[in-house]
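Read the structure below first, then the notes.
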Amino acid sequence: ELRSRVAALRPRLRREGFSDIALAGEAFALVREAASRTIGLRHFDVQLVGGWAMLRGMLAEMETGEGKTLTATLTAATAALAGRAVHIITVNDYLAERDAEWMRPAYETLGLSVGCVRQGMKPDARRAAYGCDVTYCSNKEIAFDYLRDRMVLGGKPRAIAMKIDALGGGGTKRRLLLRGLQFAIVDEADSVLVDEARTPLILSAEAKHGQEELVHRQALSLAKQLAEADYKVVSSAIELTENGKRKLEQLAQSLSGIWRGPRRREQLVRQGLTALHRFHRDKHYLVREGKVVIIDEHTGRLMPDRSWEQGLHQLIEIKEECEVTGRRDTLARISYQRFFRRYVHLSGMTGTASEVAAELWAVYRLRVAKIATHKPMRRARNPDQVYGRSEMKWTAVIASIEAHRAAGRPVLVGTRSVGASEQLAALLDAAQLPYRLLNARQDQHEAEIVAQAGAPGCITVATNMAGRGTDIKLAPGVAQSGGLHVIATELNDSGRIDRQLFGRCARQGDPGSCEAILAIEEDLVKSFFPFAEARFRHMRRLPASLGKIVFRIAQWRAEHEHSRARRELLDLDDYLGDVLAFSGRGE
């Protein structure tokens, strides 16, 4: 009977669309019934409101723990029944695969097929996944697949040629991965559309080595001979001082060829200095099986098939004494702003969007709809503790962990890097406290670690891998002890990311608490408020109000800098689009 109702609704949705609230309401009712029968979850009223907001092309801001994964099924199934190719886009492969398998029974009851695109899949498997009614994927995978399709099309759309080609056997169409950019639901939309949107996506191919490895080795050698007074950091980039340029000219006198030109010489050495001083092992990358593997700063996950451009990756490989890979030539590039604006229907959901609502409207024409919580929030935020030195901070972190563990509460400790998580792990070992460690080295055990993180007295140390989309379910009796306690040991560049970490506790009406235990001598303050770092690092502990002001100013400056970088990237992308369109190359 349910399937017959769906069969009757499909042609009406295809003819009339889903703008009619009565028609959408009937589709929502069918989806809710299917979810209730198959996965045992029935949508709450606030989830129906969130689903309707996304169906209307808005970004639904729902508090962490309010069931955004389930909410998305309402919008996705309704759009799929109307004949749209639906992409549910999230921040990493783990969440895409988890959500696809979790929600698959509900979709299939409605007669809809579900696909999932993951890193490492072959083209035929990707094509099959995108051919499903609803496809789950990460933002990076779908954007690069789009660029690959543009390469097949010669960098420009050929709608009429593709239709003729399809009539004649469809050779080009069979080589394409996507069915177009029709309907997108972006999960954790502020991370995908804002935080990650300051870096362009570049599709590249390995070029011939030539003499480049020798040049990169020479650049790194010259960079090591420069002192701190020979360069300075300007807007997160390294610039040579006038004395540094003169010193470099003297050092390069014995070299020939490319080292004779000042501009190229200085650019290569700036990259060398960046590799030496701005990119750190176990923070920005891991060395695994003799290869440099990038760690995504936003998700804390490994990106084995990605590399830095302009020789930076090769310089870091030389620094770490790894096998040097070939330089890569750019084949195609696009920014997230330009990519997501190409969807016919763009919508999204997240727990933290209000702070960037103006940018989301200006760039993507996405309005933010704030959705009420299903149950009253019971999260307690303890006052921040700000110390001058890191040693004092870690002592306070261990003391807080011991206190909450003794009360029978699980504790989640968030760190920003693999190195910091392993440093804390060593301190917990010394204190003889059992723990589970979740970082890029343990990514294969993620599901198991998260499943146990809500047990009484369980200590979980995690990087940003546990910061978004992770649902830590409390074991029986834990709520009576106060629920999960979350500790942030370092603040991120954006307060929204910190709110995501704190959002792992006190979900769906459960109790929980959170606190930040910080040190002034950490990267955020060093990079964006160096005066405060130099002035207060010798204090044992800062007054709570002063510490709060220092970190608020540092985060404001960081967010302002990142916003400027996103604007510049969008302007550059628009400019390149105009130039390439004039030349006939498209992307």
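Residues are referred to by chain and number: the chain letter is A, B, ... according to the order shown in the structure tokens, the number counts from 1 in that chain, and ligands are numbered separately from 1 in the order shown.
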Need the shell around range 213-216 of chain A: protein/DNA/RNA residues with any atom at most 12 Å away, counting only C-alpha atoms. Skip same-chain ones fewer than 2 positions apart. Format as number ranges by chain? A: 208-211, 218-223, 252, 255-259, 264-265, 267-273, 275, 310-319, 323-327
Give me, as a PyMOL selection string, all polymer residues having an atom no more than 10 Å from Ala128 in chain A, counting only C-alpha atoms and skipping those fewer than 2 positions away in the same chain. chain A and resi 115-117+123-126+130-132+135+177-178
Among range 208-338 of chain A, which residues carry a DSSP assignment of alpha helix (DSSP H), reported as a ChimeraX atom specification? /A:212-224,242-251,262-277,312-319,336-338
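Of the listed residues A:Gln555, A:Ile487, A:Glu66, A:Ala372, the one whose atoms come nearest to Ala399 in chain A is A:Ile487, with distances taken using only C-alpha atoms.
For Ala358 in chain A, the residues within 12 Å (counting only C-alpha atoms, excluding itself and residues fewer than 5 positions away along the chain) are Asp190, Val194, Ala353, Val363, Tyr364, Arg365, Leu366, Arg367, Val368 and Ser563 of chain A.
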From A:Gly419, A:Ala430, A:Pro476, A:Arg381, residue lying nearest Gly512 in chain A [only C-alpha atoms]: A:Arg381
Using only C-alpha atoms, which residues sit within 12 Å of Ala447 in chain A once same-chain residues fewer than 5 positions away are excluded, as a VMD selection string? chain A and resid 94 to 95 97 to 98 438 442 452 to 453 465 to 466 470 to 472
Next, write the just-selected residues to a file, as a PDB file, in the first residue's frame, keeping N, CA, C and O atoms as the atom set.
```pdb
ATOM      1  N   TYR A  94      33.878   8.988   5.613  1.00  0.00           N
ATOM      2  CA  TYR A  94      33.321   8.203   6.722  1.00  0.00           C
ATOM      3  C   TYR A  94      31.854   8.554   6.941  1.00  0.00           C
ATOM      4  O   TYR A  94      30.995   7.666   7.042  1.00  0.00           O
ATOM      5  N   LEU A  95      31.545   9.852   6.989  1.00  0.00           N
ATOM      6  CA  LEU A  95      30.159  10.272   7.216  1.00  0.00           C
ATOM      7  C   LEU A  95      29.281   9.931   6.012  1.00  0.00           C
ATOM      8  O   LEU A  95      28.121   9.534   6.168  1.00  0.00           O
ATOM      9  N   GLU A  97      29.626   7.407   3.879  1.00  0.00           N
ATOM     10  CA  GLU A  97      29.355   5.970   3.871  1.00  0.00           C
ATOM     11  C   GLU A  97      28.427   5.583   5.012  1.00  0.00           C
ATOM     12  O   GLU A  97      27.496   4.784   4.836  1.00  0.00           O
ATOM     13  N   ARG A  98      28.671   6.145   6.196  1.00  0.00           N
ATOM     14  CA  ARG A  98      27.823   5.824   7.352  1.00  0.00           C
ATOM     15  C   ARG A  98      26.375   6.227   7.102  1.00  0.00           C
ATOM     16  O   ARG A  98      25.449   5.441   7.327  1.00  0.00           O
ATOM     17  N   LEU A 438      41.989   8.862  18.815  1.00  0.00           N
ATOM     18  CA  LEU A 438      41.412   8.939  17.472  1.00  0.00           C
ATOM     19  C   LEU A 438      42.070  10.091  16.715  1.00  0.00           C
ATOM     20  O   LEU A 438      41.804  11.257  16.982  1.00  0.00           O
ATOM     21  N   GLN A 442      44.786   6.454  13.364  1.00  0.00           N
ATOM     22  CA  GLN A 442      43.828   5.411  13.769  1.00  0.00           C
ATOM     23  C   GLN A 442      42.507   5.523  13.021  1.00  0.00           C
ATOM     24  O   GLN A 442      41.470   5.091  13.516  1.00  0.00           O
ATOM     25  N   GLN A 452      32.299   3.536  21.553  1.00  0.00           N
ATOM     26  CA  GLN A 452      32.605   3.328  22.967  1.00  0.00           C
ATOM     27  C   GLN A 452      32.821   4.619  23.741  1.00  0.00           C
ATOM     28  O   GLN A 452      33.005   4.594  24.960  1.00  0.00           O
ATOM     29  N   ALA A 453      32.794   5.756  23.055  1.00  0.00           N
ATOM     30  CA  ALA A 453      33.160   7.023  23.698  1.00  0.00           C
ATOM     31  C   ALA A 453      32.156   7.493  24.740  1.00  0.00           C
ATOM     32  O   ALA A 453      32.466   8.383  25.530  1.00  0.00           O
ATOM     33  N   MET A 465      38.722  15.034  13.727  1.00  0.00           N
ATOM     34  CA  MET A 465      37.936  13.918  13.204  1.00  0.00           C
ATOM     35  C   MET A 465      36.648  13.730  14.000  1.00  0.00           C
ATOM     36  O   MET A 465      35.652  13.234  13.478  1.00  0.00           O
ATOM     37  N   ALA A 466      36.658  14.093  15.286  1.00  0.00           N
ATOM     38  CA  ALA A 466      35.461  13.941  16.124  1.00  0.00           C
ATOM     39  C   ALA A 466      34.695  15.248  16.263  1.00  0.00           C
ATOM     40  O   ALA A 466      33.788  15.352  17.076  1.00  0.00           O
ATOM     41  N   THR A 470      29.828  13.561  14.379  1.00  0.00           N
ATOM     42  CA  THR A 470      30.036  12.392  15.239  1.00  0.00           C
ATOM     43  C   THR A 470      28.963  12.356  16.324  1.00  0.00           C
ATOM     44  O   THR A 470      28.821  13.307  17.086  1.00  0.00           O
ATOM     45  N   ASP A 471      28.230  11.277  16.379  1.00  0.00           N
ATOM     46  CA  ASP A 471      27.151  11.126  17.360  1.00  0.00           C
ATOM     47  C   ASP A 471      27.618  10.152  18.438  1.00  0.00           C
ATOM     48  O   ASP A 471      27.677   8.945  18.212  1.00  0.00           O
ATOM     49  N   ILE A 472      27.964  10.701  19.610  1.00  0.00           N
ATOM     50  CA  ILE A 472      28.427   9.870  20.726  1.00  0.00           C
ATOM     51  C   ILE A 472      27.216   9.543  21.601  1.00  0.00           C
ATOM     52  O   ILE A 472      26.663  10.425  22.270  1.00  0.00           O
TER      53      ILE A 472
END
```
A:Gly577, A:Gly348, A:Pro410, A:Gly290 ranked by distance to Cys322 in chain A, top pick (using only C-alpha atoms): A:Gly290
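Distance check against Ala24 in chain A using only C-alpha atoms: of A:Gly51, A:Gly351, A:Gly57, A:Gly454, the minimum falls on A:Gly51.
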Env of Leu70 in chain A: 12 Å cut, atoms = only C-alpha atoms, seq-sep filter 2 positions within chain, self excluded. Answer as a count of residues only. 37
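With only C-alpha atoms as the atoms that count, the minimum distance from Val86 in chain A to the choices A:Arg263, A:Lys526, A:His345, A:Lys291 is reached by A:His345.
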Fewer than 4 positions away in the same chain doesn't count, so skip those; otherwise give me all residues within 8 Å of Val550 in chain A, counting only C-alpha atoms, as JSON, numbers by chain. {"A": [525, 529, 532, 546, 554]}
Write the residues you've just listed into a file as a PDB file, in the first residue's frame, and include N, CA and C atoms for each of them.
```pdb
ATOM      1  N   VAL A 525      47.059  32.427  18.778  1.00  0.00           N
ATOM      2  CA  VAL A 525      47.498  33.717  19.310  1.00  0.00           C
ATOM      3  C   VAL A 525      48.831  34.121  18.689  1.00  0.00           C
ATOM      4  N   PHE A 529      47.677  37.335  16.999  1.00  0.00           N
ATOM      5  CA  PHE A 529      47.743  38.354  18.049  1.00  0.00           C
ATOM      6  C   PHE A 529      49.088  38.221  18.762  1.00  0.00           C
ATOM      7  N   ALA A 532      49.932  39.899  22.245  1.00  0.00           N
ATOM      8  CA  ALA A 532      49.408  39.276  23.466  1.00  0.00           C
ATOM      9  C   ALA A 532      50.243  38.060  23.857  1.00  0.00           C
ATOM     10  N   LEU A 546      40.322  38.404  30.761  1.00  0.00           N
ATOM     11  CA  LEU A 546      41.428  38.793  29.888  1.00  0.00           C
ATOM     12  C   LEU A 546      41.720  37.692  28.865  1.00  0.00           C
ATOM     13  N   ALA A 554      41.993  37.261  18.639  1.00  0.00           N
ATOM     14  CA  ALA A 554      42.767  36.409  17.723  1.00  0.00           C
ATOM     15  C   ALA A 554      41.845  35.711  16.729  1.00  0.00           C
TER      16      ALA A 554
END
```
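Residues in contact with Ala565 in chain A at up to 12 Å, not including ones fewer than 5 positions away on its chain and judged by only C-alpha atoms, are A:Val194, A:Asp195, A:Glu196, A:Ala197, A:Arg198, A:Thr199, A:Pro200, A:Ser235, A:Ser236, A:Ala237, A:Ser335, A:Ala558, A:Glu559, A:His560, A:Leu570, A:Asp571, A:Leu572.
Computed from the coordinates, the CA of Pro105 in chain A to CA of Asp20 in chain A distance equals 26.8 Å.
Here CA of Ala22 in chain A stands at a distance of 18.2 Å from CA of Gly83 in chain A.
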Computed interatomic separation between CA of Thr241 in chain A and CA of Glu320 in chain A (Å): 26.8 Å
